[in-house]
There are 2 protein chains.
Amino acid sequence: MNAEMKTEISFSQLGEAARDAGRLMARASCGEKNAALFAIAAELESATQALQDANSKDLAAGQKAGLDAALLDRLSLTPERIAAMAEGCRQVAALPDPIGEVSEMAYRPSGIQVGKMRVPLGVIGIIYESRPNVTIDAAILCLKSGNATILRGGSEAIHSNLAIAECIKAGLSAAGLPPSAVQVIQTTDRSMVGAMISASDYVDVIVPRGGKGLIERISRDATVPVIKHLDGICHVYLDEAADAQKAYDIALNSKTHRYGVCNAMETLLVHVDRAQELLPPLCQAYQAKGVELRGCERSQAIVDMHAADEVDWQTEYLAPVLSIKVVDNLDAAMAHMAQYSSAHTESIVTENHSAAQRFLREVDSSSVMVNASTRFADGFEFGLGAEIGISTDKLHARGPVGLLGLTSQKWIVLGDGHIRQ
Amino acid sequence: MNAEMKTEISFSQLGEAARDAGRLMARASCGEKNAALFAIAAELESATQALQDANSKDLAAGQKAGLDAALLDRLSLTPERIAAMAEGCRQVAALPDPIGEVSEMAYRPSGIQVGKMRVPLGVIGIIYESRPNVTIDAAILCLKSGNATILRGGSEAIHSNLAIAECIKAGLSAAGLPPSAVQVIQTTDRSMVGAMISASDYVDVIVPRGGKGLIERISRDATVPVIKHLDGICHVYLDEAADAQKAYDIALNSKTHRYGVCNAMETLLVHVDRAQELLPPLCQAYQAKGVELRGCERSQAIVDMHAADEVDWQTEYLAPVLSIKVVDNLDAAMAHMAQYSSAHTESIVTENHSAAQRFLREVDSSSVMVNASTRFADGFEFGLGAEIGISTDKLHARGPVGLLGLTSQKWIVLGDGHIRQ
């Protein structure tokens, strides 16, 4: 038996176990699922020492392998982080259970009653980097939404992830739910990823979490559907009718609240008739915070800054760099966004009702805002209670994805002996 | 320049035109879209002779190529069929416009107001067999839902499809909408299909319409997401608490109302304590209609019929053949469905409330019914007003797909200068 066959066989075993567990999870009651979440929280807390011991193996191997300080930090499980993971379980338990919700039941002319029932997707594959807390975050959202999960974390976190998996399995068992509802792949063998993303008999959807490279690779090779999050090239447009103070606050917050996040502004667009007034104080504030400015010719004529080129408009800096463009009007602003935006989040600052309405309707991004910072594009800020990721796809889910994004709706029909004539 | 490159270039031209037209369609008003639908209806009616002339070229070529009578019938455009196409346009005009609908607007603790707006998917690629009426059916649903469409019909219908495309373009122009919102691929070159299903820069979703072979081929090769409809292995379960008359009516209607349709029953499951009573009259009725019966051992002991084997439980007959199995209880019935159903449509006949509730909750199919014929699983019967297809996928849309299945929702945020703290 060659290595490839071995992987295939062992993934089918995982897949079959997940498929079977998924059926049981789909009918689990809200009470059972919450009991499991509370039990997992208790297991994590009582296993704090064991989790740290497992984690120190990963940390030691990571240091030996020369991981940089940022990666080691993300890999590390402190008592505070373990407590936060347990708290996360209790927060998810407090969220309403979406499964089984019946909506839109209505009588049809034939006499049957037709509506929809919310159901889990089935089996969700999560592929992520070496952050052990993602093991818990992803597992508990899938659990609450009645799905089974197969988790494949970065190989540097394997001992930590397996220790966390033990807590999850114990919690599931304590609540009478199948322990294989959450499975962590036990090997760091990369071919398991390949098997998982093409196992459409067992896996209903893949959610990759991590850097753009990982997500692009998964999306390219997967035959199972992927809920993916690619670029965040977000824009703020200061309209002709912008309130100066709101323009200042929103443009500053959207760029400088945090630099390395997908919902940070990367390009500022300013109406030509307001640029002379709005840009100087804003640019002064950016420069005071160390933001490098790159502008079009008209921006450069107002404030001393580097020249922006074609590549700038296409770049998600994720850094204290901002490109600035003066535009003639709302249409020019929206045309720039249509060309360069990654369809993540765009915001207009305006007091003009018609401009706001046009912007909301016509801008084709997953989050479209009026007089608000792009930094609000986030599952928690939107009230989802939790977030498995942000989708830049159009199908199924757009923008922040919470519990509902891990569900679908089936049709239900109630008759009383009704037949088609 | 080799042939492959030529195709790629010409598909990008189509794709770019569709992308641009899609932006305009997304913001088109309900009135403009309806005006286009009425104008297309009028164009079809006044072009009846030209459509028949184009169609006779296809029919002549088809006869020469030896197409069978059923294919030639599906290919043919009679004055009645052209009138029905025009009527279809007027019916879609009468449907409510889903685009721009705002829902769930609510204030968040931060002070921003967050909700959702329904938006088109963008560009939809339709791949179908040689049925010219699909050209109109698909194009007008995409038009009403604010999408641009690229249509690739079977090569045997090329003249008919191009003639229909002229009517659509004239109707779009008359309403001031971009004629390239609906494009029919002008060549029968098969490599265009390959280019379309991998053109994720231009095409947001592919909807294949046709036989299982076509759909499997497209799904396997596509990198663009596919809304697909595969098998319909539908079950009816006559429960211990079934009403005998309802059981008879529903089991008979589900199988014999039409044989060649995806929502016809293929396997009948009967509770062991009711089989002796329910099977004989039902089987007599089936046999009177010429339905071949294949049963498990317990069924054969009650009524004389062929033996069913493992393959029967896995088969979508699409023909007057029915497999019958006697089961011990509701759990056994649901276990059989979990193993063999294609997750299309299943129905239980029962007067027992708890059995009905368990069936509705636990059966994982796109349509789950109580005391109703499986033949009701249909977009028109469900009140969608129209149907682009039936999805056997779980992501995005399950079951009959109408206008809403061609849309998505973006997030909208209203602030008043709000920033993240």
# chains A, B, ... in the order shown; residues from 1 in each chain; ligands from 1
$ interface_residues --of "chain B" --to "chain A" --cutoff "6 Å" --atoms "only C-alpha atoms" --output "list of chain:residue names"
B:Arg27, B:Lys246, B:Ile250, B:Glu362, B:Ser366, B:Ser367, B:Val368, B:Met369, B:Val370, B:Asn371, B:Ala372, B:Ser373, B:Leu395, B:His396, B:Lys410, B:Trp411, B:Ile412, B:Val413, B:Leu414, B:Gly415, B:Asp416, B:Gly417, B:His418, B:Ile419
$ select_by_dssp --residues "range 146-269 of chain A" --states "alpha helix (DSSP H)" --output "compact mmCIF listing (two decimals) with C-alpha atoms, in the first residue's frame"
# COMPACT_ATOMS: atom_id res chain seq x y z
CA ILE A 158 -0.19 19.73 16.78
CA HIS A 159 0.34 18.87 20.46
CA SER A 160 -1.69 21.83 21.65
CA ASN A 161 -4.49 21.04 19.22
CA LEU A 162 -4.67 17.39 20.23
CA ALA A 163 -4.80 18.36 23.90
CA ILE A 164 -7.64 20.79 23.16
CA ALA A 165 -9.38 18.07 21.16
CA GLU A 166 -9.35 15.85 24.26
CA CYS A 167 -11.22 18.54 26.21
CA ILE A 168 -13.76 18.91 23.40
CA LYS A 169 -14.34 15.16 23.17
CA ALA A 170 -14.77 14.89 26.92
CA GLY A 171 -17.27 17.75 26.87
CA LEU A 172 -19.25 16.21 24.02
CA SER A 173 -19.37 12.83 25.78
CA ALA A 174 -20.45 14.42 29.05
CA SER A 191 -1.67 15.06 2.01
CA MET A 192 -4.55 15.00 4.52
CA VAL A 193 -5.35 18.58 3.48
CA GLY A 194 -5.54 17.49 -0.13
CA ALA A 195 -7.81 14.58 0.80
CA MET A 196 -10.09 16.82 2.88
CA ILE A 197 -10.62 19.55 0.26
CA LYS A 212 -4.09 35.10 1.79
CA GLY A 213 -1.55 32.54 0.54
CA LEU A 214 -3.23 29.71 2.43
CA ILE A 215 -6.69 30.72 1.28
CA GLU A 216 -5.70 31.11 -2.37
CA ARG A 217 -4.03 27.69 -2.35
CA ILE A 218 -7.04 25.98 -0.77
CA SER A 219 -9.53 27.71 -3.08
CA ARG A 220 -7.55 26.79 -6.18
CA ASP A 221 -7.29 23.11 -5.33
CA ALA A 244 -16.08 68.06 7.91
CA GLN A 245 -15.88 66.65 11.45
CA LYS A 246 -17.41 63.29 10.51
CA ALA A 247 -15.09 63.13 7.49
CA TYR A 248 -12.08 63.72 9.71
CA ASP A 249 -13.15 61.21 12.37
CA ILE A 250 -14.14 58.42 9.98
CA ALA A 251 -11.19 58.77 7.61
CA LEU A 252 -8.77 58.79 10.54
CA ASN A 253 -10.40 55.90 12.40
CA SER A 254 -10.79 53.74 9.28
CA LYS A 255 -7.05 53.92 8.62
CA THR A 256 -5.39 54.23 12.01
$ residues_around --residues "Ala332 in chain A" --least-positions-apart "4" --cutoff "12 Å" --atoms "only C-alpha atoms" --output "tab-separated table (two decimals) with C-alpha atoms, in the first residue's frame"
chain	number	residue	atom	x	y	z
A	237	TYR	CA	-15.20	58.52	0.01
A	239	ASP	CA	-18.44	63.38	-0.63
A	269	LEU	CA	-11.21	59.27	-2.13
A	270	VAL	CA	-12.04	62.99	-1.78
A	271	HIS	CA	-14.45	65.14	-3.80
A	272	VAL	CA	-12.50	67.77	-5.75
A	325	LYS	CA	-7.17	60.26	-4.79
A	326	VAL	CA	-9.13	63.39	-5.58
A	327	VAL	CA	-12.21	62.56	-7.68
A	328	ASP	CA	-14.63	64.74	-9.62
A	336	HIS	CA	-12.79	53.86	-8.88
A	337	MET	CA	-14.25	51.42	-6.34
A	338	ALA	CA	-15.78	49.22	-9.05
A	339	GLN	CA	-12.33	48.98	-10.62
A	359	PHE	CA	-23.99	54.66	-2.69
$ closest_residue --among "A:Gly389, A:Ser299, A:Pro98, A:Lys144" --to "Ala181 in chain A" --atoms "only C-alpha atoms"
A:Lys144
$ select_by_dssp --residues "range 64-126 of chain A" --states "strand (DSSP E)" --output "list in words"
Val102, Ser103, Glu104, Met105, Ala106, Tyr107, Gln113, Val114, Gly115, Lys116, Met117, Arg118, Val119, Pro120, Val123, Ile124, Gly125 and Ile126 of chain A
$ write_last_selection --atoms "N, CA and C atoms" --output "PDB file, in the first residue's frame"
ATOM      1  N   VAL A 102     -38.415  27.540  11.999  1.00  0.00           N
ATOM      2  CA  VAL A 102     -39.324  27.433  10.853  1.00  0.00           C
ATOM      3  C   VAL A 102     -39.797  28.829  10.478  1.00  0.00           C
ATOM      4  N   SER A 103     -39.759  29.139   9.193  1.00  0.00           N
ATOM      5  CA  SER A 103     -40.172  30.484   8.765  1.00  0.00           C
ATOM      6  C   SER A 103     -40.993  30.409   7.496  1.00  0.00           C
ATOM      7  N   GLU A 104     -41.740  31.464   7.280  1.00  0.00           N
ATOM      8  CA  GLU A 104     -42.471  31.677   6.019  1.00  0.00           C
ATOM      9  C   GLU A 104     -43.503  30.596   5.695  1.00  0.00           C
ATOM     10  N   MET A 105     -44.019  29.886   6.730  1.00  0.00           N
ATOM     11  CA  MET A 105     -45.051  28.887   6.454  1.00  0.00           C
ATOM     12  C   MET A 105     -46.294  29.597   5.916  1.00  0.00           C
ATOM     13  N   ALA A 106     -46.723  29.201   4.734  1.00  0.00           N
ATOM     14  CA  ALA A 106     -47.910  29.823   4.144  1.00  0.00           C
ATOM     15  C   ALA A 106     -48.666  28.804   3.311  1.00  0.00           C
ATOM     16  N   TYR A 107     -49.955  28.989   3.214  1.00  0.00           N
ATOM     17  CA  TYR A 107     -50.776  28.094   2.398  1.00  0.00           C
ATOM     18  C   TYR A 107     -50.638  28.458   0.929  1.00  0.00           C
ATOM     19  N   GLN A 113     -49.252  23.559   2.840  1.00  0.00           N
ATOM     20  CA  GLN A 113     -48.605  24.638   3.563  1.00  0.00           C
ATOM     21  C   GLN A 113     -47.111  24.469   3.318  1.00  0.00           C
ATOM     22  N   VAL A 114     -46.442  25.539   2.861  1.00  0.00           N
ATOM     23  CA  VAL A 114     -45.024  25.446   2.505  1.00  0.00           C
ATOM     24  C   VAL A 114     -44.216  26.463   3.293  1.00  0.00           C
ATOM     25  N   GLY A 115     -43.092  26.052   3.828  1.00  0.00           N
ATOM     26  CA  GLY A 115     -42.204  26.970   4.531  1.00  0.00           C
ATOM     27  C   GLY A 115     -40.794  26.436   4.529  1.00  0.00           C
ATOM     28  N   LYS A 116     -39.961  27.042   5.360  1.00  0.00           N
ATOM     29  CA  LYS A 116     -38.551  26.653   5.404  1.00  0.00           C
ATOM     30  C   LYS A 116     -38.153  26.306   6.825  1.00  0.00           C
ATOM     31  N   MET A 117     -37.226  25.351   6.955  1.00  0.00           N
ATOM     32  CA  MET A 117     -36.653  25.028   8.252  1.00  0.00           C
ATOM     33  C   MET A 117     -35.132  25.165   8.163  1.00  0.00           C
ATOM     34  N   ARG A 118     -34.557  25.839   9.162  1.00  0.00           N
ATOM     35  CA  ARG A 118     -33.108  26.032   9.137  1.00  0.00           C
ATOM     36  C   ARG A 118     -32.408  24.757   9.615  1.00  0.00           C
ATOM     37  N   VAL A 119     -31.406  24.338   8.859  1.00  0.00           N
ATOM     38  CA  VAL A 119     -30.711  23.065   9.117  1.00  0.00           C
ATOM     39  C   VAL A 119     -29.199  23.286   9.030  1.00  0.00           C
ATOM     40  N   PRO A 120     -28.420  22.403   9.664  1.00  0.00           N
ATOM     41  CA  PRO A 120     -26.960  22.523   9.556  1.00  0.00           C
ATOM     42  C   PRO A 120     -26.500  22.220   8.128  1.00  0.00           C
ATOM     43  N   VAL A 123     -21.048  18.595   7.435  1.00  0.00           N
ATOM     44  CA  VAL A 123     -19.665  18.445   7.905  1.00  0.00           C
ATOM     45  C   VAL A 123     -18.843  19.614   7.378  1.00  0.00           C
ATOM     46  N   ILE A 124     -18.188  20.309   8.290  1.00  0.00           N
ATOM     47  CA  ILE A 124     -17.412  21.494   7.922  1.00  0.00           C
ATOM     48  C   ILE A 124     -15.938  21.220   8.172  1.00  0.00           C
ATOM     49  N   GLY A 125     -15.131  21.442   7.156  1.00  0.00           N
ATOM     50  CA  GLY A 125     -13.684  21.282   7.290  1.00  0.00           C
ATOM     51  C   GLY A 125     -13.034  22.632   7.532  1.00  0.00           C
ATOM     52  N   ILE A 126     -12.240  22.721   8.594  1.00  0.00           N
ATOM     53  CA  ILE A 126     -11.580  23.992   8.908  1.00  0.00           C
ATOM     54  C   ILE A 126     -10.078  23.796   8.747  1.00  0.00           C
TER      55      ILE A 126
END
$ residues_around --residues "Ala35 in chain B" --least-positions-apart "3" --cutoff "10 Å" --atoms "only C-alpha atoms" --output "PyMOL selection string"
chain B and resi 29-32+38-41+90+93+171-172+174-177
$ closest_residue --among "B:Val182, B:Ala17, B:Ala54, B:Ala301" --to "Asn147 in chain B" --atoms "only C-alpha atoms"
B:Val182
$ closest_residue --among "A:Gln314, A:Ser323, A:Gln357, A:Gln300" --to "Ser341 in chain A" --atoms "only C-alpha atoms"
A:Gln314
